[in-house]
Amino acid sequence: MADPGGAVGRPLPRSGARRLAFGRGKYSDDLRFPGLLHLAFVRSPYAHARILGIDPAPALAAVPGARVITGAEIATVCKPWQGTMDHLPTMVSPPQHAVAVDRAVWQGEPVAAAVAASRAKAEDAANEVAVAWEPLPAAAVRDRTLDEDAALVHPELGSNLCFSTALGTGDSEAALDGATHVVEGRFSFARHSGIPLEMRTVIADYDPGEGTLTVHGSHQSPWHQQDTLSRHLGIPEHLVRVVAPDIGGGFGIKLHIYGDEIAVSAVSKILGRPVKYVVDRMEAFVSDVHARDQAVAARLGVDGDGRIRGLSVDALTSLGAYGSLGRPPISEGMMTIMMAAGAYANAHYDARLRVAFQNKPPSGMYRAVGQPIACAVAEQLLDWAAGAAGIDPVELRRRNYWTDDDYPLRTPGGLAINRLSPRRCLDKLVGMMGYESLRAEQADLRKAGIHRGIGVATFLEMTSVGPAYYGPSGAHISTQDGATVRLEPSGAVRCVTSVIELGQGTHAALAQIVADRLGVAANDVGVVGGDTATTPYGGGAWASRGLTIGGEAVWRAAGGLRANILELAGSILQADRADLDLAGGAVCDRATGEPRIALSEIGRIGHFRHDTLPPGIQPELAVTRHYVPDAAPFALANGVQGSSLEVDVETGEIRLLDHWVVEDCGRIVNPLLVEEQIRGGVVQGIGGALFEECRYDEDGQMLNASFADYLVPMAAGLPDIHVGHVETPIEETALGTKGAGEAGTVGAPAAIMLAVNDALRPLGARVTSLPITPESILEAIAAARAG
Amino acid sequence: MDEFADIELTVNGEKIAKRVEARQHLVDFLRIELGLTGSHLGCEHGVCGACTVKVDGSIVRGCLMLAIQADGADVWTIEGVSDSGEIEDLQEAFINRNALQCGYCTPGMLLTAAEMLEAGRKMTRAEIREFLSGNYCRCTGYHAIVDAVETTMESRFGG
Amino acid sequence: MKAPRFAYIRPESLDEVLELLAEHGEEARILAGGQSLMPTLNMRLSRPRLLIDINRIEELKGISFEDGTVRIGALARHAEVMDSPVVAEHLPMIAEAMPHVAHVAIRNRGTFGGSIALADPAAELPACAVALGAEFVLASARGRRSVAARSFFNGLYETERGDDELLIETRIPAIEPGYRSSFMELARRHGDFALAGVCCHAKVDGNVLSDVRLAFFGSEDRPRFADAASAAAEGKAWSDDVKDAVKEALGGDLDPIGNFHASAATRLHLARVLTGRAIDRMVAAG
């Protein structure tokens with residue numbers, strides 16, 4: 001679509017980065033509000049306990065002027081909600097209060113709020129609130145939560161089972177019986193979280209005079225906030241405004257509705273004052289949504305020539321104590337069973353999923369939801385099958401991908417696929433890696449006692465999920481995005497979008513799209529968003545949707561403005577608009593490219609010199625369009641990742657040597673942005689593979705709730721990440737983009753696990769639990785030695 | 001011996017006199033009392049590096065130093081070094097390389113990288129990675145940051 | 001989180017510090033580099049009435065060498081120790097250990113004395129002090145005394161230092177001719193506290209070891225001098241058999257405490273592997 005020399009497709013640095021690099025970002029906690037009060041929560045020290053009483057007196061004595069507001073008081077202005085889905089009648093999740101009223105069901109659940117003139121004073125007060133507790137037994141061990149004698153998270157449900165389902169062709173066992181080689185494994189994926197560096201932040205300002213509620217916060221989906229605040233606090237929706245200023249990372253963590261955040265608005269409504277709450281890092285670990293936490297048993301059968309005969313998957317996902325409002329907590333598990341081995345031709349597949357509650361923080365969506373698990377399980381089984389069949393693992397993949405003649409298709413897991421490009425991605429990756437020479441080097445070093453490993457993993461990335469899923473669920477979450485594009489009098493262009501910018505650079509890419517549609521430079525386009533009162537309605541930022549959905553809305557709005565500009569120019573120039581075009585900041589002659597009238601002139605006349613226009617001409621220099629992805633349920637991106645690493649088999653240390661990614665996200669609007677999304681995603685995937693885990697004891701106490709003990713990747717010890725592209729634009733949209741934000745996180749854990757197991761293969765050792773630690777490697781080696 | 005004290009210090013070249021509470025750490029002082037919100041809090045327990053500021057010529061964790069301890073000190077924040085232009089080449093390299101996404105870690109990362117550049121020599125990528133390891137970035141995966149620092153070293157000290 | 005309320009004082013002289021300590025004892029906390037104290041305050045794990053800031057006491061600063069001994073003032077910052085030519089020349093083990101101590105911004109502020117006095121069992125410097133036979137000088141209003149590193153550490157964050165005492169300097173014998181040091185550490189990530197760490201110091205003649213001193217950190221509740229393992233190498237020509245004997249003996253010296261980063265058995269295994277490698281490297285360094 002791009003004109004020669006156009007902005008789309010070019011690696012333009014994003015303009016929004018400049019002020020951030022100069023320390024001029026405006027994150028929620030940077031904003032100033034007169035009369036502001038600060039809030040700190042009293043949180044449950046127990047994973048499960050009855051609240052016998054809350055005595056604020058010691059707090060009020062310690063901090064004169066402080067206020068303590070209990071869950072019961074908050075409940076008088078805020079209705080509870082329920083994380084169930086209309087289209088899944090068998091899924092259960094009990095009502096959740098913003099702040100616990102009579103029972104706390106996870107360590108860290110808020111039970112009261114203390115409000116004072118400064119954060120330090122609010123904490124002083126919160127520390128002194130006396131809560132009388134009756135500790136109750138907790139369900140906190142994943143693999144035991146469905147046992148008959150397990151403690152119940154919600155006794156009224158009679159079980160910890162939230163949901164169970166099965167899918168597939170029903171014949172995988174028979175197919176596996178007929179396979180030449182059958183490999184199997186039990187895998188475990190630890191509970192972890194997204195850990196955005198800026199912690200969740202809310203400033204709620206209820207104006208009792210106007211009855212308005214204005215909330216500034218670090219949130220990926222302000223419209224969902226607006227809807228929830230309006231309905232649960234009983235404030236008419238046009239009086240609720242949610243603003244998302246600069247956001248310090250989200251990764252899915254900030255798209256959820258949090259009780260503590262909603263409570264801040266409730267407290268503001270009670271007090272009639274602006275109230276700020278910033279989650280503390282240690283609180284974040286026990287209040288941000290957690291993800292993954294899944295055990296998977298799987299079996300794969302192949303023929304003698306390595307062709308897949310059948311696959312079966314049995315997954316158990318452990319949630320926290322609740323599902324999140326509007327965001328199905330079963331997604332982690334559903335994505336796992338739906339997408340496992342989706343890129344490969346396979347006729348016989350069965351999967352079972354059980355989802356259970358635990359006394360832990362609520363579960364939610366973190367970058368790549370379930371897909372890293374699907375990828376790691378299937379790819380590891382394929383590597384083992386390759387080993388059993390004596391076929392190179394790369395060759396085995398090549399033999400098994402769906403072929404171009406197979407598309408469009410529906411996998412036995414239920415995944416609708418229009419088109420994929422795994423073979424082309426693999427060929428490119430193998431070339432970038434120098435796969436053959438890496439294998440040769442690996443063999444040489446092995447003779448010297450050095451254990452190198454190579455992992456090559458194919459991944460699918462479900463992006464831009466549309467209405468087919470969220471609509472029937474009844475969730476008040478829009479899968480549409482909108483944009484207004486406006487010509488300013490000077491000829492500059494402004495774009496107002498519902499897409500939320502939190503570092504991906506989407507706003508910069510939107511400017512590139514507008515630039516090409518209107519024939520201007522990208523830096524002549526200003527993009528703003530993040531305010532439910534002033535921007536078109538939309539979904540926000542989640543499921544790698546910004547460009548594919550929001551970008552298409554911008555494409556359409558800019559197209560509408562383009563038509564309006566040409567129509568106005570035609571009447572000014574007394575020309576046929578069909579002979580006119582836009583380029584170089586001017587309306588020009590379509591045939592010759594000769595400029596006829598500058599956009600600044602169009603802007604000046606269109607806004608200020610209506611007197612010079614012929615009668616009946618109404619300039620429309622702002623156009624709003626929305627786009628809902630209606631032609632496909634989602635945009636499926638794909639790619640391949642490769643990892644090269646070395647395992648010290650005496651210490652269990654892993655040294656990452658290199659990492660490669662080839663991905664196909666359709667049309668690339670800005671490769672600079674895409675590549676850094678990929679790299680950042682890979683490193684979060686490496687975090688999941690090697691470091692990140694919320695460690696709990698059997699009583700549901702989190703053991704490592706600080707940055708000192710919960711490890712995330714840091715610069716040292718990480719490899720350089722080489723990124724290549726295959727570009728297969730989708731046909732459903734004008735732009736042809738797919739999402740790219742999760743690809744890195746989907747495939748990296750698999751590539752790393754495969755490489756580690758490849759390195760350990762001569763020792764007969766296997767690791768199947770993520771994160772892989774020095775200790776787990778040593779234990780695997782010891783187990784292999786013990787036979 | 002008091003819970004409050006008067007302090008005088010220089011912040012970004014400007015003399016400041018304020019009464020502070022003993023328990024207030026340096027970054028809260030800069031952010032709340034002086035409105036210098038470019039320094040961020042990512043953990044408040046000294047691990048993430050988002051609060052990195054320069055005190056008497058060296059970078060420190062702003063959350064692990066009390067404001068009262070900065071009495072008499074010369075403090076520089078991202079706002080100050082941006083205004084002075086002393087790391088403009090580094091900032092441009094970050095922008096051109098897209099070495100920042102959400103930008104929350106960026107001020108601390110830049111001040112740490114600036115101290116690395118003060119060594120006056122080109123370092124290996126592994127050395128750069130090690131030097132930056134006290135600063136978490138959750139978005140970029142660090143690769144682009146290492147590139148941007150390397151580019152700046154090359155232009156300052158030759159390839 | 002924000003620190004709880006406390007009072008603060010910044011004395012100008014050592015005598016004043018010691019008087020304050022005598023008066024306030026355990027209700028006061030010494031603020032040196034603050035790199036461990038401040039996190040515990042910000043997490044509200046520690047609630048002292050009074051912080052005594054010793055950062056302006058001149059006589060606690062500096063690193064010097066005299067009569068075969070290196071004196072490291074309590075306020076010497078990690079960065080200063082790391083860059084010190086005196087340390088590089090006379091205490092190669094500590095020079096080797098310093099890059100493993102946290103990260104740049106922490107090293108710019110954290111102090112040698114603070115690390116010793118805190119006695120974190122996973123920290124590098126206390127174990128180096130134990131291996132090298134350091135002496136710690138403690139001062140109080142009652143007077144001064146010197147305590148050998150090997151009898152200073154009593155347990156998790158527990159030392160011989162009384163509540164009224166201040167660690168004012170560490171005195172470490174400089175490396176002697178014919179001696180070599182070797183330091184190795186394993187951590188989950190660079191700069192993290194150790195899963196296992198070993199400090200080796202010995203006289204190396206060809207491949208014959210004598211005056212062998214092995215100390216370990218990241219193992220139990222305090223840095224541990226390994227008597228049996230050191231003895232197993234004493235007077236021996238370094239060989240695979242001796243290495244095995246040293247590793248075996250280490251099982252009698254160490255009784256590691258496991259946690260979620262690594263179990264006791266893993267920590268002992270890692271300490272053994274590291275010991276073999278550290279001595280290999282020390283012997284090969286000639």
# chains A, B, ... in the order shown; residues from 1 in each chain; ligands from 1
>>> interface_residues(of="chain C", to="chain B", cutoff="12 Å", atoms="only C-alpha atoms", output="ChimeraX atom specification")
/C:1-11,20,24,28,31-45,47-56,77,79-80,99-110,189-192
>>> select_by_dssp(residues="region 68-260 of chain C", states="strand (DSSP E)", output="PyMOL selection string")
chain C and resi 69-73+135-140+143-148+153-155+158-159+166-173+179-186+196-205+208-217+224-225
>>> residues_around(residues="Arg24 (chain A)", least_positions_apart="4", cutoff="7 Å", atoms="only C-alpha atoms", output="short mmCIF file (atom, residue, chain, number, x, y, z; two decimals) with N, CA and C atoms, in the first residue's frame")
data_model
loop_
_atom_site.label_atom_id
_atom_site.label_comp_id
_atom_site.auth_asym_id
_atom_site.auth_seq_id
_atom_site.Cartn_x
_atom_site.Cartn_y
_atom_site.Cartn_z
N ARG A 19 10.66 12.63 24.56
CA ARG A 19 10.42 13.23 25.88
C ARG A 19 10.70 12.22 27.00
N LEU A 20 10.46 10.92 26.72
CA LEU A 20 10.76 9.92 27.74
C LEU A 20 12.26 9.87 28.02
N GLY B 38 11.32 12.98 36.83
CA GLY B 38 12.02 12.11 35.86
C GLY B 38 12.66 10.90 36.51
#
>>> interface_residues(of="chain A", to="chain C", cutoff="10 Å", atoms="only C-alpha atoms", output="mmCIF file with C-alpha atoms, in the first residue's frame")
data_model
loop_
_atom_site.group_PDB
_atom_site.id
_atom_site.type_symbol
_atom_site.label_atom_id
_atom_site.label_comp_id
_atom_site.auth_asym_id
_atom_site.auth_seq_id
_atom_site.Cartn_x
_atom_site.Cartn_y
_atom_site.Cartn_z
ATOM 1 C CA ALA A 40 -2.516 2.510 51.688
ATOM 2 C CA ARG A 119 1.767 8.038 51.538
ATOM 3 C CA ALA A 120 4.129 7.570 54.468
ATOM 4 C CA LYS A 121 1.397 8.599 56.929
ATOM 5 C CA ALA A 122 -1.151 6.367 55.191
ATOM 6 C CA GLU A 123 1.246 3.470 55.644
ATOM 7 C CA ASP A 124 1.836 4.456 59.274
ATOM 8 C CA ASN A 127 0.268 -0.613 59.919
ATOM 9 C CA VAL A 278 0.345 3.480 44.031
ATOM 10 C CA VAL A 279 0.912 -0.248 44.426
ATOM 11 C CA ASP A 280 4.136 -0.940 46.264
ATOM 12 C CA ARG A 281 6.476 -3.465 44.645
ATOM 13 C CA MET A 282 6.040 -5.991 47.423
ATOM 14 C CA GLU A 283 2.266 -5.514 47.234
ATOM 15 C CA GLU A 650 28.747 -29.894 37.044
ATOM 16 C CA THR A 651 27.090 -26.701 38.278
ATOM 17 C CA GLY A 652 23.865 -26.710 36.299
ATOM 18 C CA GLU A 653 24.616 -23.231 35.007
ATOM 19 C CA ILE A 654 23.255 -22.263 31.609
ATOM 20 C CA LEU A 690 15.026 -19.588 33.583
ATOM 21 C CA PHE A 691 14.078 -17.218 36.380
ATOM 22 C CA ARG A 695 7.232 -19.366 45.137
ATOM 23 C CA TYR A 696 4.610 -20.348 47.686
ATOM 24 C CA ASP A 697 4.658 -22.504 50.747
ATOM 25 C CA LEU A 703 8.148 -16.665 49.766
ATOM 26 C CA ASN A 704 9.828 -14.372 47.274
ATOM 27 C CA SER A 706 10.434 -8.750 46.415
ATOM 28 C CA ALA A 708 15.609 -9.342 45.763
ATOM 29 C CA ASP A 709 14.119 -12.827 45.493
ATOM 30 C CA TYR A 710 11.826 -12.840 42.452
ATOM 31 C CA LEU A 711 14.360 -12.822 39.652
ATOM 32 C CA VAL A 712 13.809 -11.185 36.292
ATOM 33 C CA PRO A 713 16.298 -11.116 33.423
ATOM 34 C CA MET A 714 18.920 -8.411 33.512
ATOM 35 C CA ALA A 715 21.359 -7.254 30.867
ATOM 36 C CA ALA A 716 24.258 -9.518 31.848
ATOM 37 C CA GLY A 717 23.931 -13.111 30.811
ATOM 38 C CA THR A 773 17.333 -23.689 37.486
ATOM 39 C CA PRO A 774 20.878 -24.887 38.152
ATOM 40 C CA GLU A 775 19.354 -27.100 40.794
ATOM 41 C CA SER A 776 16.758 -28.638 38.480
ATOM 42 C CA LEU A 778 21.646 -31.071 38.584
ATOM 43 C CA GLU A 779 18.666 -33.064 39.849
#
>>> residues_around(residues="Lys360 (chain A)", least_positions_apart="6", cutoff="12 Å", atoms="only C-alpha atoms", output="MDAnalysis selection string")
chainID A and resid 44:48 104:109 138:142 145 153 191:192 285:291 293 318:323 694:702
>>> residues_around(residues="region 473-478 of chain A", least_positions_apart="5", cutoff="9 Å", atoms="only C-alpha atoms", output="list in words")
Thr84, Met85, Asp86, His87, Leu88, Ser221, Trp223, His224, Asp227, Thr228, Leu325, Gly326, Arg327, Pro328, Gly466, Pro467, Tyr537, Gly538, Gly539, Gly540 and Val628 of chain A
>>> residues_around(residues="Ala249 (chain C)", least_positions_apart="2", cutoff="8 Å", atoms="only C-alpha atoms", output="list of chain:residue names")
C:Ala228, C:Ala229, C:Ala232, C:Ala245, C:Val246, C:Lys247, C:Gly251, C:Gly252, C:Asp253
>>> select_by_dssp(residues="region 202-272 of chain A", states="helix (DSSP H, G or I)", output="count of residues only")
31
>>> residues_around(residues="Val86 (chain C)", least_positions_apart="2", cutoff="8 Å", atoms="only C-alpha atoms", output="PyMOL selection string")
chain C and resi 63-65+70+84+88-91
>>> interface_residues(of="chain B", to="chain A", cutoff="6 Å", atoms="only C-alpha atoms", output="MDAnalysis selection string")
chainID B and resid 37:38 42:43 78:79 82 95:96 101:104 107 129:130 133 136 139:142
>>> atom_distance(atom1="CA of Arg410 (chain A)", atom2="CA of His348 (chain A)")
12.7 Å
>>> decode(residues="region 161-175 of chain C", atoms="N, CA and C atoms", output="tab-separated table (two decimals), in the first residue's frame")
chain	number	residue	atom	x	y	z
C	161	ARG	N	30.09	-7.89	67.58
C	161	ARG	CA	29.99	-6.46	67.86
C	161	ARG	C	28.88	-6.20	68.87
C	162	GLY	N	29.20	-5.50	69.93
C	162	GLY	CA	28.18	-5.13	70.92
C	162	GLY	C	27.36	-3.95	70.40
C	163	ASP	N	26.18	-3.76	71.00
C	163	ASP	CA	25.30	-2.68	70.54
C	163	ASP	C	25.94	-1.29	70.69
C	164	ASP	N	26.91	-1.19	71.59
C	164	ASP	CA	27.54	0.13	71.79
C	164	ASP	C	28.84	0.26	71.00
C	165	GLU	N	29.11	-0.74	70.17
C	165	GLU	CA	30.39	-0.72	69.45
C	165	GLU	C	30.21	-0.37	67.98
C	166	LEU	N	31.28	0.23	67.43
C	166	LEU	CA	31.32	0.57	66.01
C	166	LEU	C	32.51	-0.14	65.40
C	167	LEU	N	32.28	-0.80	64.27
C	167	LEU	CA	33.40	-1.37	63.52
C	167	LEU	C	34.09	-0.21	62.83
C	168	ILE	N	35.34	0.04	63.18
C	168	ILE	CA	35.99	1.22	62.59
C	168	ILE	C	36.95	0.88	61.46
C	169	GLU	N	37.55	-0.30	61.50
C	169	GLU	CA	38.40	-0.67	60.37
C	169	GLU	C	38.65	-2.17	60.34
C	170	THR	N	39.08	-2.62	59.15
C	170	THR	CA	39.46	-4.01	58.97
C	170	THR	C	40.95	-4.02	58.64
C	171	ARG	N	41.68	-4.93	59.27
C	171	ARG	CA	43.11	-5.03	59.01
C	171	ARG	C	43.37	-6.41	58.44
C	172	ILE	N	43.94	-6.43	57.26
C	172	ILE	CA	44.11	-7.70	56.56
C	172	ILE	C	45.57	-7.88	56.17
C	173	PRO	N	46.18	-9.02	56.55
C	173	PRO	CA	47.57	-9.25	56.17
C	173	PRO	C	47.69	-9.29	54.65
C	174	ALA	N	48.69	-8.58	54.13
C	174	ALA	CA	48.91	-8.57	52.68
C	174	ALA	C	49.40	-9.94	52.24
C	175	ILE	N	49.14	-10.24	51.00
C	175	ILE	CA	49.57	-11.53	50.47
C	175	ILE	C	51.10	-11.59	50.49
